[in-house]
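*Asks:* Structure in structure tokens, see below.
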Amino acid sequence: MSGQDSSKSFLGVRKRLRPEDEQVGRGWILALVALGVALRARYLAQPMRLDEATSYLFYAAVDGFRGLLDYSSVNNHLFHTFWMRVSFLCFGNSPIALRLPAFLAGLLVLPATYVAVRSVFNRRAAIIALGLVAVSPPLVVFSTAARGYSLLTLLFLALLALATRLPKCSNALPWLGYAVLGAFAGYTLPVAVYGVGAVGLWLGLQIWFDGETRRAPRLWRWTLTGATMLVLLGVLYLPAVWETPFEKSPWNLAVRLDEGASGRGASSLGLYLQELAAKWHVGLPTWVAVMVGGLALFGALVGHRIRGGVPIGLGVLLWVGPLFLRHGVMVPLRSWIYFLPLYAGLCGAGFHLVVKRLESLPSWPRGTERWFVVVCLAFGGWTAHRDLVLEIREAGRIRGVAEVTDYLERELQPEDRLAVTRFKALFLYEFERRSLAKDSLRADPAASRVFLCRQKNSKRRSEFADKLDRGPKVDPSFAGLLKPFGGHQKFSEILRVFEVGDLELAMAERLSPP
């Protein structure tokens with residue numbers, strides 16, 4: 001079927017949208033896009049997160065784009081690092097400036113979701129998907145985080161939309177564009193292998209089972225495009241792989257897609273999927289989450305009836321399932337975020353099929369999707385009111401760093417030092433922004449006064465307490481931070497200064513020699 005605004009119900013009845021319905025639909029679409037933009041803009045200026053600060057300090061802030069040559073960790077999202085570096089050079093190192101590439105990509109995800117889902121299913125499913133994506137707290141979070149997830153999501157949606165046009169396309173340019181999009185998706189994050197491979201397999205199945213035109217030339221074009229994508233991906237990664245010492249490279253380990261991915265609290269595949277579902281449905285009541293999931297499952301099973309062809313869910317299942325199980329590593333939950341718009345699209349397809357069935361009943365009112373959009377608008381307002389976005393800690397949000405830095409800016413002397421636990425990058429970033437001496441964050445055994453900062457209720461507290469000899473005047477929860485400075489025995493009583501956000505700040509003065 002062509003890409004016009006028509007749909008097919010369970011009963012096989014085709015129905016064109018009336019002009020007045022088309023006009024109303026545009027109004028709802030604009031309202032949803034405006035809501036999505038407003039939600040993302042609301043959280044754009046929030047304090048820097050740990051992952052963002054690390055990406056900036058170790059990759060984007062390196063002179064001459066040399067951060068693109070350091071692939072000692074796959075946490076360097078190379079394509080995003082390039083744009084982050086450009087934004088830093090143009091606008092400085094404020095949180096808004098560093099987040100600008102991810103933010104713009106996150107805004108473009110909104111219309112891209114509509115276009116991709118409409119291409120795969122139809123207009124009604126696209127409106128439902130757009131509503132879900134606009135108010136999704138995880139997508140809002142990663143649209144305002146200086147990381148590569150929103151950029152990967154945008155590339156994935158563009159790839160999916162283009163894939164719907166290729167089965168009967170004989171022009172080489174769209175096929176080349178498909179290869180370029182897939183290569184840059186993989187250059188952004190290696191986990192793109194799941195999404196790009198799933199779309200590629202689905203495209204191949206579409207060609208294989210389409211009997212309207214000759215199959216062999218199009219399969220050859222599909223194979224050549226895949227090979228071109230791999231060559232382009234190799235060319236993009238070559239400088240980083242060449243410059244990164246092999247012993248420091250992720251390729252030195254067994255094939256994996258992210259560091260430390262398997263020890264993230266998911267003791268089984270079932271628990272892992274449960275945690276993923278909880279992340280994707282954050283803020284929704286359980287019964288609503290179950291309904292959304294049920295519609296998505298229904299859309300995955302029978303959504304292909306809307307336009308015909310191979311179900312997109314089949315391509316995802318046949319590619320992602322075996323690859324995930326063969327890989328044997330549970331990648332971080334945030335790595336799947338770029339599948340969320342497709343999940344929303346499957347939900348939209350399921351919604352469309354259910355509503356079309358109900359609309360065959362004489363007593364069922366028309367315009368059901370409008371009420372769905374109203375609910376999305378209300379949920380968006382509730383999300384902003386409750387700040388549900390701030391409950392997601394996937395991107396390393398730690399509250400209180402700016403307040404602690406404000407205090408240190410007034411109190412820190414040249415001979416003083418600051419000792420922190422695992423979030424040193426946040427203070428390095430704040431010190432750089434305020435032109436404070438970064439030497440204050442380096443351990444100095446001769447420091448006369450040391451400020452100690454750690455997260456409240458830190459699990460490391462017991463580790464430090466067990467390893468150190470506790471004196472009567474020593475607080476064991478901070479004592480471990482004094483080890484690089486000669487040990488807590490050389491300092492006076494540790495005095496707590498204050499608590500703010502997620503942090504506690506204390507101070508210890510070195511004992512005078514007898």
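Labels used: A, B, ... for chains in the order of the structure tokens, numbers from 1 for residues in each chain, and numbers from 1 for ligands as shown.
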Could you pull the residues within 12 Å of Gly204 of chain A, counting only C-alpha atoms, minus those fewer than 4 positions along the same chain, as number ranges by chain?
*Replies:* A: 163-164, 166-168, 197-200, 208-210, 215-216, 218-226, 309-310, 312, 314-315, 319
*Asks:* Write out, as a CSV table (one decimal), in the first residue's frame, the residues just selected, with N, CA and C atoms.
*Replies:*
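Dumped everything to out-v2.csv:
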chain,number,residue,atom,x,y,z
A,163,ALA,N,14.2,2.3,5.5
A,163,ALA,CA,14.1,0.9,5.1
A,163,ALA,C,12.7,0.5,4.5
A,164,THR,N,11.7,1.3,4.9
A,164,THR,CA,10.3,1.0,4.4
A,164,THR,C,10.2,1.4,2.9
A,166,LEU,N,12.9,1.0,0.6
A,166,LEU,CA,13.9,0.4,-0.2
A,166,LEU,C,13.5,-0.9,-0.9
A,167,PRO,N,12.6,-1.7,-0.4
A,167,PRO,CA,12.3,-3.0,-1.1
A,167,PRO,C,12.0,-2.8,-2.6
A,168,LYS,N,11.4,-1.8,-3.0
A,168,LYS,CA,11.1,-1.6,-4.4
A,168,LYS,C,11.9,-0.5,-5.1
A,197,GLY,N,21.1,-4.2,12.9
A,197,GLY,CA,21.0,-5.6,12.4
A,197,GLY,C,19.5,-6.0,12.3
A,198,ALA,N,18.7,-5.6,13.2
A,198,ALA,CA,17.3,-6.0,13.2
A,198,ALA,C,16.6,-5.4,12.0
A,199,VAL,N,16.8,-4.1,11.8
A,199,VAL,CA,16.2,-3.4,10.6
A,199,VAL,C,16.7,-4.0,9.3
A,200,GLY,N,18.0,-4.3,9.3
A,200,GLY,CA,18.6,-4.9,8.1
A,200,GLY,C,18.0,-6.3,7.8
A,208,TRP,N,12.6,-10.7,0.4
A,208,TRP,CA,12.5,-12.1,0.1
A,208,TRP,C,11.1,-12.5,-0.1
A,209,PHE,N,10.2,-12.0,0.7
A,209,PHE,CA,8.8,-12.5,0.6
A,209,PHE,C,7.9,-11.6,-0.3
A,210,ASP,N,8.5,-10.6,-0.9
A,210,ASP,CA,7.7,-9.7,-1.8
A,210,ASP,C,7.8,-10.3,-3.2
A,215,ARG,N,13.3,-10.8,-7.4
A,215,ARG,CA,13.9,-10.9,-6.1
A,215,ARG,C,15.4,-10.8,-6.1
A,216,ALA,N,16.1,-11.5,-7.1
A,216,ALA,CA,17.5,-11.6,-7.0
A,216,ALA,C,18.3,-10.2,-7.1
A,218,ARG,N,17.4,-7.3,-6.2
A,218,ARG,CA,17.2,-6.5,-5.0
A,218,ARG,C,17.9,-7.2,-3.8
A,219,LEU,N,18.0,-8.5,-3.8
A,219,LEU,CA,18.8,-9.1,-2.7
A,219,LEU,C,20.3,-8.8,-2.9
A,220,TRP,N,20.7,-8.8,-4.1
A,220,TRP,CA,22.1,-8.4,-4.4
A,220,TRP,C,22.3,-7.0,-3.9
A,221,ARG,N,21.4,-6.1,-4.2
A,221,ARG,CA,21.5,-4.7,-3.7
A,221,ARG,C,21.6,-4.6,-2.2
A,222,TRP,N,20.7,-5.4,-1.6
A,222,TRP,CA,20.7,-5.5,-0.1
A,222,TRP,C,22.0,-6.0,0.5
A,223,THR,N,22.6,-7.0,-0.1
A,223,THR,CA,23.9,-7.5,0.3
A,223,THR,C,25.0,-6.5,0.1
A,224,LEU,N,25.0,-5.9,-1.0
A,224,LEU,CA,26.1,-4.9,-1.3
A,224,LEU,C,25.9,-3.7,-0.3
A,225,THR,N,24.7,-3.3,0.0
A,225,THR,CA,24.5,-2.2,1.0
A,225,THR,C,25.1,-2.6,2.3
A,226,GLY,N,24.8,-3.8,2.8
A,226,GLY,CA,25.3,-4.3,4.1
A,226,GLY,C,26.8,-4.3,4.1
A,309,GLY,N,3.1,-7.3,4.5
A,309,GLY,CA,4.5,-7.5,4.6
A,309,GLY,C,4.9,-8.3,5.8
A,310,VAL,N,6.2,-8.3,6.1
A,310,VAL,CA,6.8,-9.0,7.2
A,310,VAL,C,6.7,-8.2,8.5
A,312,ILE,N,7.7,-6.2,11.7
A,312,ILE,CA,8.9,-5.6,12.1
A,312,ILE,C,9.4,-6.4,13.4
A,314,LEU,N,9.2,-9.4,14.0
A,314,LEU,CA,9.9,-10.7,13.6
A,314,LEU,C,11.4,-10.4,13.3
A,315,GLY,N,11.7,-9.3,12.6
A,315,GLY,CA,13.1,-9.0,12.4
A,315,GLY,C,13.8,-8.7,13.7
A,319,TRP,N,16.8,-11.3,15.1
A,319,TRP,CA,18.2,-10.8,15.2
A,319,TRP,C,18.6,-10.6,16.6
*Asks:* Give me, as CSV, the closest atom pair and its distance (Å, one decimal) for every residue of segment 116-227 of chain A within a cut-off of 8 Å of segment 28-34 of chain A, counting only C-alpha atoms, rows sorted by chain and rising number.
*Replies:*
residue,atom,partner,partner_atom,distance
A:Ile127,CA,A:Ile29,CA,6.6
A:Leu130,CA,A:Leu32,CA,7.0
A:Gly131,CA,A:Leu32,CA,5.9
A:Ala134,CA,A:Leu32,CA,6.4
*Asks:* Give me the residues near Ala402 of chain A as a list in words, where near means some atom within 8 Å (using only C-alpha atoms) and where sequence neighbours in that chain fewer than 3 positions away do not count.
*Replies:*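 Close residues of Ala402 of chain A: Pro47, Thr405, Asp406 and Glu430 of chain A.
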*Asks:* How would the residues just picked look written out with C-alpha atoms as a PDB file, in the first residue's frame?
*Replies:*
ATOM      1  CA  PRO A  47      23.453  20.220  36.997  1.00  0.00           C
ATOM      2  CA  THR A 405      31.788  23.619  45.105  1.00  0.00           C
ATOM      3  CA  ASP A 406      30.236  26.941  46.136  1.00  0.00           C
ATOM      4  CA  GLU A 430      32.965  22.352  38.281  1.00  0.00           C
TER       5      GLU A 430
END
*Asks:* Nearest to Gly106 of chain A: which of A:Ala447, A:Leu269, A:Leu511, A:Val140 is it, counting only C-alpha atoms?
*Replies:*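 Nearest candidate to Gly106 of chain A out of A:Ala447, A:Leu269, A:Leu511, A:Val140: A:Val140.
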*Asks:* Identify which of the residues A:Ala161, A:Ile494, A:Leu361, A:Met48 lies closest to Phe121 of chain A, counting only C-alpha atoms when measuring atom-to-atom distances.
*Replies:* A:Ala161
*Asks:* Quick check, in Å to one decimal: how far apart do atom CA of Pro95 of chain A and atom CA of Leu418 of chain A lie?
*Replies:*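 Separating atom CA of Pro95 of chain A from atom CA of Leu418 of chain A is a distance of 22.9 Å.
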*Asks:* Just give me the gap between atom CA of Lys279 of chain A and atom CA of Ser143 of chain A in Å, one decimal is fine.
*Replies:*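 Value for the atom CA of Lys279 of chain A-atom CA of Ser143 of chain A distance: 15.5 Å.
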*Asks:* Rank nothing, just name the residue among A:Ile207, A:Leu159, A:Val86, A:Leu238 nearest to Tyr71 of chain A, using only C-alpha atoms.
*Replies:*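 Closest residue, counting only C-alpha atoms: A:Leu238.
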*Asks:* One decimal, in Å: what's the spacing between atom CA of Glu411 of chain A and atom CA of Phe451 of chain A?
*Replies:*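 Here the two named atoms are 10.0 Å from each other.
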*Asks:* Determine, counting only C-alpha atoms, which protein, DNA and RNA residues have an atom within 10 Å of an atom of segment 63-69 of chain A; residues of the same chain fewer than 2 positions away are not included. Present the result as a list in words.
*Replies:*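 The filter keeps Ser55, Tyr56, Leu57, Phe58, Tyr59, Ala60, Ala61, Tyr71, Ser72, Asn76, His77, Leu78, Phe79, His80, Thr81, Phe82, Arg85, Val86, Leu236, Tyr237, Leu238, Pro239, Ala240, Val241, Trp242, Glu243 and Thr244 of chain A.
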*Asks:* Just checking: using only C-alpha atoms, which residue out of A:Ala384, A:Ala116, A:Ile337, A:Ala378 ends up closest to His281 of chain A?
*Replies:*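 Going through A:Ala384, A:Ala116, A:Ile337, A:Ala378 one by one, the smallest distance to His281 of chain A is for A:Ile337.
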*Asks:* Of the candidates A:Phe142, A:Phe339, A:Tyr149, A:Trp364, which one gets nearest to Pro190 of chain A if we count only C-alpha atoms?
*Replies:*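 Smallest distance to Pro190 of chain A is found for A:Tyr149.
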*Asks:* Pick out the residues sitting within 10 Å of Leu323 of chain A, and hand them over as an MDAnalysis selection string; count only C-alpha atoms, and ignore anything fewer than 6 positions along from it in its own chain.
*Replies:* chainID A and resid 193:194 197 317
*Asks:* Since we have the selection now, will you write its residues out, keeping N, CA and C atoms, as a short mmCIF file (atom, residue, chain, number, x, y, z; two decimals), in the first residue's frame?
*Replies:*
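Everything below was put into result.cif:
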data_model
loop_
_atom_site.label_atom_id
_atom_site.label_comp_id
_atom_site.auth_asym_id
_atom_site.auth_seq_id
_atom_site.Cartn_x
_atom_site.Cartn_y
_atom_site.Cartn_z
N VAL A 193 24.50 -2.38 16.92
CA VAL A 193 24.48 -3.63 16.16
C VAL A 193 23.14 -4.35 16.33
N TYR A 194 22.49 -4.17 17.49
CA TYR A 194 21.19 -4.80 17.70
C TYR A 194 20.12 -4.17 16.80
N GLY A 197 21.10 -4.23 12.87
CA GLY A 197 20.97 -5.60 12.36
C GLY A 197 19.52 -6.04 12.26
N LEU A 317 13.03 -9.93 16.71
CA LEU A 317 13.14 -11.17 17.46
C LEU A 317 14.22 -12.08 16.89
#
*Asks:* Could you write out, as a VMD selection string, all the residues of segment 90-275 of chain A that DSSP marks as helix (DSSP H, G or I)?
*Replies:* chain A and resid 90 to 91 95 to 120 123 to 135 137 to 143 149 to 163 172 to 188 192 to 209 215 to 243 246 to 248 250 to 252 269 to 275
*Asks:* Just the residues within 12 Å of Leu276 of chain A, please, counting only C-alpha atoms, with nothing from its chain fewer than 2 positions along; format it as a list of chain:residue names.
*Replies:*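 Counting only C-alpha atoms, the residues come to A:Pro138, A:Arg264, A:Gly265, A:Ala266, A:Leu269, A:Gly270, A:Leu271, A:Tyr272, A:Leu273, A:Gln274, A:Ala278, A:Lys279, A:Trp280, A:His281, A:Val282, A:Met330, A:Val331, A:Pro332, A:Leu333, A:Arg334, A:Ser335, A:Trp336, A:Ile337, A:Phe339, A:Leu340, A:Glu394.
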*Asks:* Could you pull out the residues in segment 291-463 of chain A that DSSP calls strand (DSSP E or B) from the backbone, as a PDB file with N, CA, C and O atoms, in the first residue's frame?
*Replies:*
ATOM      1  N   ARG A 417      43.289  20.333  50.245  1.00  0.00           N
ATOM      2  CA  ARG A 417      42.967  19.338  49.238  1.00  0.00           C
ATOM      3  C   ARG A 417      41.534  18.847  49.440  1.00  0.00           C
ATOM      4  O   ARG A 417      40.980  18.921  50.531  1.00  0.00           O
ATOM      5  N   LEU A 418      40.971  18.338  48.351  1.00  0.00           N
ATOM      6  CA  LEU A 418      39.636  17.745  48.370  1.00  0.00           C
ATOM      7  C   LEU A 418      39.747  16.290  47.974  1.00  0.00           C
ATOM      8  O   LEU A 418      40.319  15.959  46.924  1.00  0.00           O
ATOM      9  N   ALA A 419      39.212  15.409  48.802  1.00  0.00           N
ATOM     10  CA  ALA A 419      39.194  13.975  48.515  1.00  0.00           C
ATOM     11  C   ALA A 419      37.750  13.545  48.302  1.00  0.00           C
ATOM     12  O   ALA A 419      36.882  13.822  49.139  1.00  0.00           O
ATOM     13  N   VAL A 420      37.485  12.883  47.182  1.00  0.00           N
ATOM     14  CA  VAL A 420      36.138  12.422  46.854  1.00  0.00           C
ATOM     15  C   VAL A 420      36.197  10.939  46.536  1.00  0.00           C
ATOM     16  O   VAL A 420      37.284  10.358  46.383  1.00  0.00           O
ATOM     17  N   ARG A 449      45.222  20.437  55.438  1.00  0.00           N
ATOM     18  CA  ARG A 449      43.789  20.311  55.658  1.00  0.00           C
ATOM     19  C   ARG A 449      43.155  19.622  54.459  1.00  0.00           C
ATOM     20  O   ARG A 449      43.451  19.956  53.308  1.00  0.00           O
ATOM     21  N   VAL A 450      42.311  18.656  54.743  1.00  0.00           N
ATOM     22  CA  VAL A 450      41.688  17.877  53.679  1.00  0.00           C
ATOM     23  C   VAL A 450      40.166  17.917  53.873  1.00  0.00           C
ATOM     24  O   VAL A 450      39.660  17.604  54.961  1.00  0.00           O
ATOM     25  N   PHE A 451      39.459  18.316  52.793  1.00  0.00           N
ATOM     26  CA  PHE A 451      37.999  18.231  52.775  1.00  0.00           C
ATOM     27  C   PHE A 451      37.613  16.880  52.188  1.00  0.00           C
ATOM     28  O   PHE A 451      38.177  16.440  51.168  1.00  0.00           O
ATOM     29  N   LEU A 452      36.652  16.227  52.805  1.00  0.00           N
ATOM     30  CA  LEU A 452      36.247  14.880  52.428  1.00  0.00           C
ATOM     31  C   LEU A 452      34.793  14.908  51.964  1.00  0.00           C
ATOM     32  O   LEU A 452      33.922  15.420  52.671  1.00  0.00           O
ATOM     33  N   CYS A 453      34.557  14.374  50.787  1.00  0.00           N
ATOM     34  CA  CYS A 453      33.196  14.390  50.228  1.00  0.00           C
ATOM     35  C   CYS A 453      32.844  13.002  49.726  1.00  0.00           C
ATOM     36  O   CYS A 453      33.636  12.369  49.008  1.00  0.00           O
ATOM     37  N   ARG A 454      31.701  12.542  50.115  1.00  0.00           N
ATOM     38  CA  ARG A 454      31.230  11.231  49.654  1.00  0.00           C
ATOM     39  C   ARG A 454      29.714  11.246  49.570  1.00  0.00           C
ATOM     40  O   ARG A 454      29.048  12.142  50.098  1.00  0.00           O
ATOM     41  N   GLN A 455      29.178  10.230  48.921  1.00  0.00           N
ATOM     42  CA  GLN A 455      27.733  10.094  48.831  1.00  0.00           C
ATOM     43  C   GLN A 455      27.163   9.589  50.145  1.00  0.00           C
ATOM     44  O   GLN A 455      27.761   8.736  50.813  1.00  0.00           O
TER      45      GLN A 455
END
*Asks:* Ranking A:Val196, A:Leu50, A:Ala125, A:Leu284 by minimum distance to Val375 of chain A and counting only C-alpha atoms, which one comes first?
*Replies:*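 Counting only C-alpha atoms, the residue closest to Val375 of chain A is A:Leu284.
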